[in-house]
Structure formats: C-alpha cells, structure tokens
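Colleague: Once you've had a glance at the structure underneath, I'll fire off some questions.
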Amino acid sequence: MNFIGWIIVACEIAFWIVIILGLVTRYIVKKPKLGFLLLALTPVIDMILLIVTGLDLYNGATATAVHGIAAIYIGVSIAFGKSMIQWADERFQYYVTKQGAKPIKHYGYDYAKQYLKSWFHHVLAYFIGVGLLFALIYIIDHASRTEALMGTFKVWSLVLAIDFIICCSYFIWPRKEKGVN
C-alpha cells in the first residue's frame with residue numbers, strides 16, 4: 001500500500017478516535033462543550049486527507065486507485081459524517097452510559113424509507129467525491145497521470161446505480177423482522 005493508502009487508514013482511525021473521545025468527554029467526563037469541540041474536529045481530518053492527496057498529485061505522483069478512494073472517503077465522510085456521529089452517539093448513550101432509548105431497528109417500509117434517505121446521502125457523497133475527482137483531473141491536466149481517477153468515477157457510478165436498485169428492492173420486498181413471517 002502506498003503513502004496515501006496509509007494516510008486514508010490513519011484518517012479513518014483518527015475519525016473514530018475523535019468521535020469516541022468526544023462521546024467519552026461529553027457523557028463520562030461530563031464536559032459537553034469540550035465533547036462537542038472534539039466531535040467538531042472530524043472535518044479537520046478530511047481537510048488533512050484532501051491536502052495530502054492534492055499535494056501528492058501536484059508534486060508529480062501518478063494517480064492510483066488509492067487517490068480515487070481518498071476522494072470517495074472525503075465525500076462519504078462529509079455526506080454521512082453527521083449521521084455516523086448521531087449513530088455512535090445513540091449507541092454510546094444506550095450501551096455505555098445506560099441512558100436514552102434503545103436504538104430502533106427498522107423493518108418493512110420504514111426500513112425502505114431509511115435506506116432511501118441513506119441513498120440520497122450516497123448521492124451527495126458521490127457529487128462531492130466526483131467533484132474532487134474532476135477538480136484533481138483538471139488541476140493536474142495530464143490524462144495519463146489521472147487515468148485512475150476517471151476509473152474511480154466509472155466504478156463509483158456503477159456502485160451508485162447498484163445501490164439504487166437495492167434501495168428500490170426494499171420497497172418491493174420489504175425487509176422483515178427475523179422470526180416473523
């Protein structure tokens with residue numbers, strides 16, 4: 001794995017460490033403002049990845065699939081970041097601090113609606129990530145060095161389409177609760 005791959009791994013680890021520290025600070029240390037500040041640092045991690053990836057390509061590196069994955073990571077992190085933090089917050093409150101309501105498991109059309117909402121987040125992530133991919137392609141302006149970025153765009157477009165088909169399938173065949181016919 002190349003340098004950018006390791007930076008992506010480090011950013012993902014940092015993302016979850018910042019979230020866990022924020023939740024521990026908020027609920028266990030009882031410092032909600034400091035906890036919020038820690039949770040608000042998650043976009044800084046995305047900026048670090050964006051800067052490092054951009055500098056790597058600007059300094060002459062040939063784009064690889066990993067550079068494309070960096071754009072995907074940033075798009076997903078921005079589009080899903082708030083909901084991921086909310087997901088972690090609900091589970092932390094219920095399972096760690098033993099407060100709050102048990103997280104709801106969705107079934108049937110409710111699950112389909114939740115999945116559709118998630119698919120719209122995927123579309124937002126796609127537009128952010130594709131925007132970054134095309135910005136990198138434009139800035140580098142060297143087709144042979146950015147070929148992998150165009151490949152990432154094509155694969156991600158296919159994944160988005162498949163995700164839409166899966167989303168539609170939940171409206172046709174609603175997800176059932178286990179043990180219920």
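Ligands are numbered from 1 in the order shown, residues from 1 within each chain, and chains are lettered A, B, ... in the order they appear in the structure tokens.
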Neighbours of Phe120 (chain A) within 12 Å (only C-alpha atoms; same-chain residues fewer than 2 positions away dropped), as a PDB file with all heavy atoms, in the first residue's frame?
Modeller:
ATOM      1  N   VAL A  76     -17.826  10.633   1.328  1.00  0.00           N
ATOM      2  CA  VAL A  76     -18.628   9.843   2.277  1.00  0.00           C
ATOM      3  C   VAL A  76     -18.561  10.461   3.670  1.00  0.00           C
ATOM      4  O   VAL A  76     -19.573  10.566   4.363  1.00  0.00           O
ATOM      5  CB  VAL A  76     -18.167   8.368   2.290  1.00  0.00           C
ATOM      6  CG1 VAL A  76     -18.762   7.607   3.466  1.00  0.00           C
ATOM      7  CG2 VAL A  76     -18.521   7.693   0.977  1.00  0.00           C
ATOM      8  N   ALA A  79     -20.764  13.642   3.609  1.00  0.00           N
ATOM      9  CA  ALA A  79     -22.194  13.363   3.438  1.00  0.00           C
ATOM     10  C   ALA A  79     -22.778  12.555   4.598  1.00  0.00           C
ATOM     11  O   ALA A  79     -23.920  12.788   5.001  1.00  0.00           O
ATOM     12  CB  ALA A  79     -22.429  12.629   2.117  1.00  0.00           C
ATOM     13  N   PHE A  80     -22.028  11.605   5.114  1.00  0.00           N
ATOM     14  CA  PHE A  80     -22.544  10.717   6.160  1.00  0.00           C
ATOM     15  C   PHE A  80     -22.019  11.076   7.551  1.00  0.00           C
ATOM     16  O   PHE A  80     -22.430  10.459   8.530  1.00  0.00           O
ATOM     17  CB  PHE A  80     -22.165   9.263   5.869  1.00  0.00           C
ATOM     18  CG  PHE A  80     -22.953   8.619   4.774  1.00  0.00           C
ATOM     19  CD1 PHE A  80     -22.472   8.620   3.475  1.00  0.00           C
ATOM     20  CD2 PHE A  80     -24.166   7.998   5.036  1.00  0.00           C
ATOM     21  CE1 PHE A  80     -23.183   8.013   2.448  1.00  0.00           C
ATOM     22  CE2 PHE A  80     -24.887   7.389   4.025  1.00  0.00           C
ATOM     23  CZ  PHE A  80     -24.399   7.401   2.725  1.00  0.00           C
ATOM     24  N   LYS A 113     -37.689   3.337   3.655  1.00  0.00           N
ATOM     25  CA  LYS A 113     -37.585   4.802   3.691  1.00  0.00           C
ATOM     26  C   LYS A 113     -36.237   5.236   4.270  1.00  0.00           C
ATOM     27  O   LYS A 113     -35.626   6.187   3.783  1.00  0.00           O
ATOM     28  CB  LYS A 113     -38.739   5.397   4.492  1.00  0.00           C
ATOM     29  CG  LYS A 113     -40.068   5.319   3.764  1.00  0.00           C
ATOM     30  CD  LYS A 113     -41.147   6.066   4.520  1.00  0.00           C
ATOM     31  CE  LYS A 113     -41.874   5.111   5.418  1.00  0.00           C
ATOM     32  NZ  LYS A 113     -42.987   5.699   6.145  1.00  0.00           N
ATOM     33  N   GLN A 114     -35.786   4.530   5.314  1.00  0.00           N
ATOM     34  CA  GLN A 114     -34.478   4.845   5.894  1.00  0.00           C
ATOM     35  C   GLN A 114     -33.361   4.591   4.884  1.00  0.00           C
ATOM     36  O   GLN A 114     -32.413   5.357   4.785  1.00  0.00           O
ATOM     37  CB  GLN A 114     -34.240   4.021   7.170  1.00  0.00           C
ATOM     38  CG  GLN A 114     -35.098   4.433   8.336  1.00  0.00           C
ATOM     39  CD  GLN A 114     -34.805   5.844   8.780  1.00  0.00           C
ATOM     40  OE1 GLN A 114     -33.670   6.288   8.825  1.00  0.00           O
ATOM     41  NE2 GLN A 114     -35.859   6.590   9.102  1.00  0.00           N
ATOM     42  N   TYR A 115     -33.483   3.504   4.132  1.00  0.00           N
ATOM     43  CA  TYR A 115     -32.472   3.174   3.124  1.00  0.00           C
ATOM     44  C   TYR A 115     -32.485   4.209   2.014  1.00  0.00           C
ATOM     45  O   TYR A 115     -31.432   4.603   1.500  1.00  0.00           O
ATOM     46  CB  TYR A 115     -32.704   1.765   2.563  1.00  0.00           C
ATOM     47  CG  TYR A 115     -31.478   1.203   1.879  1.00  0.00           C
ATOM     48  CD1 TYR A 115     -30.640   0.324   2.545  1.00  0.00           C
ATOM     49  CD2 TYR A 115     -31.141   1.577   0.577  1.00  0.00           C
ATOM     50  CE1 TYR A 115     -29.501  -0.173   1.932  1.00  0.00           C
ATOM     51  CE2 TYR A 115     -30.011   1.081  -0.039  1.00  0.00           C
ATOM     52  CZ  TYR A 115     -29.195   0.210   0.634  1.00  0.00           C
ATOM     53  OH  TYR A 115     -28.061  -0.280   0.031  1.00  0.00           O
ATOM     54  N   LEU A 116     -33.670   4.675   1.617  1.00  0.00           N
ATOM     55  CA  LEU A 116     -33.771   5.710   0.591  1.00  0.00           C
ATOM     56  C   LEU A 116     -33.092   6.999   1.063  1.00  0.00           C
ATOM     57  O   LEU A 116     -32.363   7.640   0.294  1.00  0.00           O
ATOM     58  CB  LEU A 116     -35.237   5.978   0.232  1.00  0.00           C
ATOM     59  CG  LEU A 116     -35.493   7.046  -0.827  1.00  0.00           C
ATOM     60  CD1 LEU A 116     -34.850   6.659  -2.163  1.00  0.00           C
ATOM     61  CD2 LEU A 116     -36.990   7.284  -0.990  1.00  0.00           C
ATOM     62  N   LYS A 117     -33.309   7.344   2.317  1.00  0.00           N
ATOM     63  CA  LYS A 117     -32.645   8.524   2.891  1.00  0.00           C
ATOM     64  C   LYS A 117     -31.124   8.342   2.832  1.00  0.00           C
ATOM     65  O   LYS A 117     -30.391   9.259   2.468  1.00  0.00           O
ATOM     66  CB  LYS A 117     -33.115   8.727   4.329  1.00  0.00           C
ATOM     67  CG  LYS A 117     -32.538   9.928   5.003  1.00  0.00           C
ATOM     68  CD  LYS A 117     -33.074  10.042   6.431  1.00  0.00           C
ATOM     69  CE  LYS A 117     -32.433  11.188   7.172  1.00  0.00           C
ATOM     70  NZ  LYS A 117     -32.861  11.259   8.562  1.00  0.00           N
ATOM     71  N   SER A 118     -30.670   7.143   3.175  1.00  0.00           N
ATOM     72  CA  SER A 118     -29.241   6.828   3.106  1.00  0.00           C
ATOM     73  C   SER A 118     -28.734   6.905   1.668  1.00  0.00           C
ATOM     74  O   SER A 118     -27.617   7.358   1.416  1.00  0.00           O
ATOM     75  CB  SER A 118     -28.990   5.446   3.700  1.00  0.00           C
ATOM     76  OG  SER A 118     -27.647   5.088   3.577  1.00  0.00           O
ATOM     77  N   HIS A 122     -25.782   8.970  -0.117  1.00  0.00           N
ATOM     78  CA  HIS A 122     -24.809   8.389  -1.039  1.00  0.00           C
ATOM     79  C   HIS A 122     -24.680   9.263  -2.284  1.00  0.00           C
ATOM     80  O   HIS A 122     -23.570   9.495  -2.784  1.00  0.00           O
ATOM     81  CB  HIS A 122     -25.227   6.962  -1.402  1.00  0.00           C
ATOM     82  CG  HIS A 122     -24.203   6.211  -2.191  1.00  0.00           C
ATOM     83  ND1 HIS A 122     -24.376   4.902  -2.527  1.00  0.00           N
ATOM     84  CD2 HIS A 122     -23.013   6.569  -2.733  1.00  0.00           C
ATOM     85  CE1 HIS A 122     -23.332   4.486  -3.234  1.00  0.00           C
ATOM     86  NE2 HIS A 122     -22.501   5.489  -3.379  1.00  0.00           N
ATOM     87  N   VAL A 123     -25.795   9.772  -2.784  1.00  0.00           N
ATOM     88  CA  VAL A 123     -25.771  10.675  -3.949  1.00  0.00           C
ATOM     89  C   VAL A 123     -24.981  11.941  -3.616  1.00  0.00           C
ATOM     90  O   VAL A 123     -24.153  12.395  -4.419  1.00  0.00           O
ATOM     91  CB  VAL A 123     -27.201  11.028  -4.425  1.00  0.00           C
ATOM     92  CG1 VAL A 123     -27.184  12.125  -5.482  1.00  0.00           C
ATOM     93  CG2 VAL A 123     -27.906   9.785  -4.954  1.00  0.00           C
ATOM     94  N   LEU A 124     -25.211  12.498  -2.430  1.00  0.00           N
ATOM     95  CA  LEU A 124     -24.461  13.681  -2.012  1.00  0.00           C
ATOM     96  C   LEU A 124     -22.967  13.362  -1.929  1.00  0.00           C
ATOM     97  O   LEU A 124     -22.126  14.130  -2.414  1.00  0.00           O
ATOM     98  CB  LEU A 124     -24.983  14.195  -0.670  1.00  0.00           C
ATOM     99  CG  LEU A 124     -24.238  15.390  -0.068  1.00  0.00           C
ATOM    100  CD1 LEU A 124     -24.305  16.601  -1.001  1.00  0.00           C
ATOM    101  CD2 LEU A 124     -24.805  15.721   1.306  1.00  0.00           C
ATOM    102  N   ALA A 125     -22.629  12.228  -1.318  1.00  0.00           N
ATOM    103  CA  ALA A 125     -21.226  11.809  -1.227  1.00  0.00           C
ATOM    104  C   ALA A 125     -20.626  11.667  -2.621  1.00  0.00           C
ATOM    105  O   ALA A 125     -19.489  12.077  -2.869  1.00  0.00           O
ATOM    106  CB  ALA A 125     -21.113  10.489  -0.467  1.00  0.00           C
ATOM    107  N   TYR A 126     -21.403  11.093  -3.528  1.00  0.00           N
ATOM    108  CA  TYR A 126     -20.977  10.899  -4.919  1.00  0.00           C
ATOM    109  C   TYR A 126     -20.644  12.238  -5.566  1.00  0.00           C
ATOM    110  O   TYR A 126     -19.587  12.393  -6.183  1.00  0.00           O
ATOM    111  CB  TYR A 126     -22.080  10.163  -5.683  1.00  0.00           C
ATOM    112  CG  TYR A 126     -21.844  10.003  -7.153  1.00  0.00           C
ATOM    113  CD1 TYR A 126     -21.044   8.969  -7.632  1.00  0.00           C
ATOM    114  CD2 TYR A 126     -22.430  10.861  -8.075  1.00  0.00           C
ATOM    115  CE1 TYR A 126     -20.832   8.806  -8.998  1.00  0.00           C
ATOM    116  CE2 TYR A 126     -22.228  10.704  -9.430  1.00  0.00           C
ATOM    117  CZ  TYR A 126     -21.430   9.681  -9.893  1.00  0.00           C
ATOM    118  OH  TYR A 126     -21.220   9.523 -11.242  1.00  0.00           O
ATOM    119  N   PHE A 127     -21.534  13.212  -5.443  1.00  0.00           N
ATOM    120  CA  PHE A 127     -21.287  14.510  -6.074  1.00  0.00           C
ATOM    121  C   PHE A 127     -20.082  15.225  -5.463  1.00  0.00           C
ATOM    122  O   PHE A 127     -19.301  15.855  -6.178  1.00  0.00           O
ATOM    123  CB  PHE A 127     -22.537  15.393  -6.042  1.00  0.00           C
ATOM    124  CG  PHE A 127     -23.546  15.012  -7.084  1.00  0.00           C
ATOM    125  CD1 PHE A 127     -24.809  14.602  -6.717  1.00  0.00           C
ATOM    126  CD2 PHE A 127     -23.230  15.050  -8.434  1.00  0.00           C
ATOM    127  CE1 PHE A 127     -25.744  14.232  -7.669  1.00  0.00           C
ATOM    128  CE2 PHE A 127     -24.152  14.680  -9.403  1.00  0.00           C
ATOM    129  CZ  PHE A 127     -25.419  14.274  -9.023  1.00  0.00           C
ATOM    130  N   LEU A 160     -23.193   3.355  -7.356  1.00  0.00           N
ATOM    131  CA  LEU A 160     -24.350   4.183  -7.024  1.00  0.00           C
ATOM    132  C   LEU A 160     -25.613   3.635  -7.682  1.00  0.00           C
ATOM    133  O   LEU A 160     -26.675   3.574  -7.047  1.00  0.00           O
ATOM    134  CB  LEU A 160     -24.108   5.633  -7.445  1.00  0.00           C
ATOM    135  CG  LEU A 160     -25.192   6.636  -7.070  1.00  0.00           C
ATOM    136  CD1 LEU A 160     -25.310   6.790  -5.558  1.00  0.00           C
ATOM    137  CD2 LEU A 160     -24.891   7.987  -7.711  1.00  0.00           C
ATOM    138  N   ALA A 161     -25.504   3.213  -8.929  1.00  0.00           N
ATOM    139  CA  ALA A 161     -26.649   2.636  -9.637  1.00  0.00           C
ATOM    140  C   ALA A 161     -27.103   1.329  -8.977  1.00  0.00           C
ATOM    141  O   ALA A 161     -28.308   1.101  -8.791  1.00  0.00           O
ATOM    142  CB  ALA A 161     -26.306   2.398 -11.104  1.00  0.00           C
ATOM    143  N   ASP A 163     -26.625   0.493  -5.865  1.00  0.00           N
ATOM    144  CA  ASP A 163     -27.208   0.857  -4.581  1.00  0.00           C
ATOM    145  C   ASP A 163     -28.650   1.333  -4.765  1.00  0.00           C
ATOM    146  O   ASP A 163     -29.517   1.052  -3.930  1.00  0.00           O
ATOM    147  CB  ASP A 163     -26.361   1.930  -3.898  1.00  0.00           C
ATOM    148  CG  ASP A 163     -26.718   2.132  -2.436  1.00  0.00           C
ATOM    149  OD1 ASP A 163     -27.223   1.190  -1.791  1.00  0.00           O
ATOM    150  OD2 ASP A 163     -26.484   3.254  -1.927  1.00  0.00           O
ATOM    151  N   PHE A 164     -28.930   2.031  -5.858  1.00  0.00           N
ATOM    152  CA  PHE A 164     -30.302   2.469  -6.137  1.00  0.00           C
ATOM    153  C   PHE A 164     -31.216   1.272  -6.383  1.00  0.00           C
ATOM    154  O   PHE A 164     -32.359   1.238  -5.912  1.00  0.00           O
ATOM    155  CB  PHE A 164     -30.344   3.422  -7.332  1.00  0.00           C
ATOM    156  CG  PHE A 164     -31.730   3.910  -7.650  1.00  0.00           C
ATOM    157  CD1 PHE A 164     -32.373   4.786  -6.789  1.00  0.00           C
ATOM    158  CD2 PHE A 164     -32.383   3.485  -8.782  1.00  0.00           C
ATOM    159  CE1 PHE A 164     -33.662   5.235  -7.066  1.00  0.00           C
ATOM    160  CE2 PHE A 164     -33.665   3.922  -9.065  1.00  0.00           C
ATOM    161  CZ  PHE A 164     -34.305   4.803  -8.214  1.00  0.00           C
ATOM    162  N   CYS A 167     -31.947  -0.238  -3.137  1.00  0.00           N
ATOM    163  CA  CYS A 167     -32.893   0.636  -2.449  1.00  0.00           C
ATOM    164  C   CYS A 167     -34.320   0.361  -2.927  1.00  0.00           C
ATOM    165  O   CYS A 167     -35.239   0.191  -2.112  1.00  0.00           O
ATOM    166  CB  CYS A 167     -32.517   2.093  -2.696  1.00  0.00           C
ATOM    167  SG  CYS A 167     -33.613   3.283  -1.908  1.00  0.00           S
TER     168      CYS A 167
END
Colleague: Residues near Ala61 (chain A), anyone? I mean within 10 Å using only C-alpha atoms, not counting same-chain ones fewer than 6 positions away, as a ChimeraX atom specification.
Modeller: /A:53-55,67,140,145-146
Colleague: Would you pick out the contacts of Asp89 (chain A) at 9 Å or less, using only C-alpha atoms, so that residues sharing its chain but fewer than 4 positions from it are not included, and give the list as number ranges by chain?
Modeller: A: 19, 23, 84-85, 93-94
Colleague: For those residues, write C-alpha atoms to a file as a compact mmCIF listing (two decimals), in the first residue's frame.
Modeller:
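As a result, part.txt now contains:
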# COMPACT_ATOMS: atom_id res chain seq x y z
CA ILE A 19 -15.68 10.50 17.95
CA LEU A 23 -18.51 10.95 23.38
CA MET A 84 -22.43 8.50 11.68
CA ILE A 85 -21.80 10.68 14.72
CA GLN A 93 -25.73 6.66 25.34
CA TYR A 94 -27.70 3.41 25.43
Colleague: Excluding same-chain residues fewer than 4 positions from region 35-37 of chain A, what lies within 8 Å of it counting only C-alpha atoms, as number ranges by chain?
Modeller: A: 21-26, 31, 41
Colleague: Write the residues you've just listed into a file as a CSV table (one decimal), in the first residue's frame, and include all heavy atoms for each of them.
Modeller:
chain,number,residue,atom,x,y,z
A,21,LEU,N,-13.5,9.9,21.7
A,21,LEU,CA,-13.1,10.8,22.7
A,21,LEU,C,-14.1,11.9,23.0
A,21,LEU,O,-14.4,12.3,24.1
A,21,LEU,CB,-11.8,11.5,22.3
A,21,LEU,CG,-10.5,10.7,22.4
A,21,LEU,CD1,-9.3,11.4,21.8
A,21,LEU,CD2,-10.2,10.3,23.8
A,22,GLY,N,-14.8,12.3,21.9
A,22,GLY,CA,-15.9,13.3,22.1
A,22,GLY,C,-17.0,12.8,22.9
A,22,GLY,O,-17.5,13.5,23.8
A,23,LEU,N,-17.4,11.5,22.6
A,23,LEU,CA,-18.5,10.9,23.4
A,23,LEU,C,-18.1,10.7,24.8
A,23,LEU,O,-18.9,10.9,25.8
A,23,LEU,CB,-19.0,9.7,22.7
A,23,LEU,CG,-19.6,9.9,21.3
A,23,LEU,CD1,-19.9,8.5,20.6
A,23,LEU,CD2,-20.8,10.7,21.4
A,24,VAL,N,-16.9,10.2,25.1
A,24,VAL,CA,-16.5,10.0,26.4
A,24,VAL,C,-16.4,11.3,27.2
A,24,VAL,O,-16.9,11.4,28.3
A,24,VAL,CB,-15.1,9.3,26.4
A,24,VAL,CG1,-14.4,9.3,27.8
A,24,VAL,CG2,-15.2,7.8,26.0
A,25,THR,N,-15.9,12.3,26.5
A,25,THR,CA,-15.8,13.6,27.2
A,25,THR,C,-17.2,14.2,27.5
A,25,THR,O,-17.4,14.7,28.5
A,25,THR,CB,-15.0,14.6,26.3
A,25,THR,OG1,-13.7,14.0,26.0
A,25,THR,CG2,-14.9,16.0,26.9
A,26,ARG,N,-18.1,14.0,26.5
A,26,ARG,CA,-19.5,14.5,26.7
A,26,ARG,C,-20.2,13.8,27.8
A,26,ARG,O,-20.9,14.5,28.6
A,26,ARG,CB,-20.2,14.4,25.4
A,26,ARG,CG,-21.7,14.8,25.4
A,26,ARG,CD,-22.4,14.6,24.2
A,26,ARG,NE,-22.1,15.7,23.2
A,26,ARG,CZ,-22.6,15.7,22.0
A,26,ARG,NH1,-23.4,14.7,21.5
A,26,ARG,NH2,-22.4,16.7,21.2
A,31,LYS,N,-18.3,16.9,30.2
A,31,LYS,CA,-17.9,18.2,29.6
A,31,LYS,C,-18.5,18.3,28.2
A,31,LYS,O,-17.8,18.0,27.2
A,31,LYS,CB,-16.4,18.3,29.6
A,31,LYS,CG,-15.6,18.2,30.9
A,31,LYS,CD,-15.5,19.5,31.5
A,31,LYS,CE,-14.6,19.4,32.7
A,31,LYS,NZ,-14.6,20.6,33.5
A,41,LEU,N,-14.2,18.4,15.3
A,41,LEU,CA,-12.9,18.2,14.7
A,41,LEU,C,-12.9,17.3,13.5
A,41,LEU,O,-11.9,17.2,12.7
A,41,LEU,CB,-11.8,17.8,15.7
A,41,LEU,CG,-11.4,18.9,16.7
A,41,LEU,CD1,-10.4,18.2,17.7
A,41,LEU,CD2,-10.7,20.1,16.0
Colleague: Using only C-alpha atoms, which of A:Ile51, A:Leu136, A:Ile104, A:Ala112 sits nearest Ser169 (chain A)?
Modeller: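 Between A:Ile51, A:Leu136, A:Ile104, A:Ala112, the residue approaching Ser169 (chain A) most closely is A:Ala112.
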Colleague: Just give me the gap between CA of Ile72 (chain A) and CA of Tyr109 (chain A) in Å, one decimal is fine.
Modeller: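 Separation of CA of Ile72 (chain A) and CA of Tyr109 (chain A): 28.9 Å.
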Colleague: Given the choices A:Val96, A:Leu149, A:Val66, A:Val155, which gets closest to Asn2 (chain A) if the distance is worked out from only C-alpha atoms?
Modeller: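 Among the listed residues, the smallest separation from Asn2 (chain A) belongs to A:Val66.
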Colleague: For Gly151 (chain A), which residue out of A:Tyr73, A:Ile128, A:Ile137, A:Tyr111 is the nearest one, using only C-alpha atoms?
Modeller: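 Smallest separation from Gly151 (chain A) among the options: A:Ile137.
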Colleague: Considering only C-alpha atoms, return as a list in words whatever protein or nucleic-acid residues lie within 9 Å of Asp46 (chain A), sequence-local ones (same chain, fewer than 4 positions apart) excluded.
Modeller: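 Listing them by chain and then by number gives Cys11, Phe15, Thr42, Leu50, Ile51, Tyr73, Ile74, Ser77 and Ile78 of chain A.
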Colleague: Those residues you just picked out, can you put them in a file as a PDB file, in the first residue's frame with N, CA and C atoms?
Modeller:
ATOM      1  N   CYS A  11      -6.514   8.411   8.760  1.00  0.00           N
ATOM      2  CA  CYS A  11      -7.653   9.326   8.880  1.00  0.00           C
ATOM      3  C   CYS A  11      -8.893   8.604   9.409  1.00  0.00           C
ATOM      4  N   PHE A  15     -10.636   9.506  12.798  1.00  0.00           N
ATOM      5  CA  PHE A  15     -12.060   9.860  12.805  1.00  0.00           C
ATOM      6  C   PHE A  15     -12.769   9.189  13.974  1.00  0.00           C
ATOM      7  N   THR A  42     -13.916  16.481  13.354  1.00  0.00           N
ATOM      8  CA  THR A  42     -13.910  15.464  12.294  1.00  0.00           C
ATOM      9  C   THR A  42     -13.685  16.039  10.892  1.00  0.00           C
ATOM     10  N   LEU A  50      -7.420  15.637   2.220  1.00  0.00           N
ATOM     11  CA  LEU A  50      -7.534  16.377   0.963  1.00  0.00           C
ATOM     12  C   LEU A  50      -6.227  17.087   0.622  1.00  0.00           C
ATOM     13  N   ILE A  51      -5.635  17.727   1.591  1.00  0.00           N
ATOM     14  CA  ILE A  51      -4.378  18.454   1.368  1.00  0.00           C
ATOM     15  C   ILE A  51      -3.254  17.490   1.006  1.00  0.00           C
ATOM     16  N   TYR A  73     -13.590   8.699   0.170  1.00  0.00           N
ATOM     17  CA  TYR A  73     -13.570   8.817   1.628  1.00  0.00           C
ATOM     18  C   TYR A  73     -14.039  10.204   2.058  1.00  0.00           C
ATOM     19  N   ILE A  74     -13.513  11.237   1.405  1.00  0.00           N
ATOM     20  CA  ILE A  74     -13.884  12.605   1.779  1.00  0.00           C
ATOM     21  C   ILE A  74     -15.368  12.844   1.503  1.00  0.00           C
ATOM     22  N   SER A  77     -17.392  10.894   4.067  1.00  0.00           N
ATOM     23  CA  SER A  77     -17.231  11.476   5.393  1.00  0.00           C
ATOM     24  C   SER A  77     -18.057  12.750   5.541  1.00  0.00           C
ATOM     25  N   ILE A  78     -18.073  13.573   4.515  1.00  0.00           N
ATOM     26  CA  ILE A  78     -18.854  14.809   4.575  1.00  0.00           C
ATOM     27  C   ILE A  78     -20.355  14.506   4.532  1.00  0.00           C
TER      28      ILE A  78
END
Colleague: Could you tell me which of A:Thr64, A:Pro32, A:Ala70, A:Ser157 comes closest to Ala10 (chain A) if we count only C-alpha atoms?
Modeller: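 Using only C-alpha atoms, Ala10 (chain A) sits closest to A:Ala70.
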Colleague: Nearest to Ile20 (chain A) among A:Thr62, A:Ala88, A:Gly68, A:Gly131, with distances taken over only C-alpha atoms: which residue is it?
Modeller: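 Ranked by minimum distance to Ile20 (chain A), first place goes to A:Ala88.
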Colleague: What does the distance from CA of Asp141 (chain A) to CA of Asp56 (chain A) come to in Å, to one decimal?
Modeller: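 Going from CA of Asp141 (chain A) over to CA of Asp56 (chain A) covers 14.6 Å.
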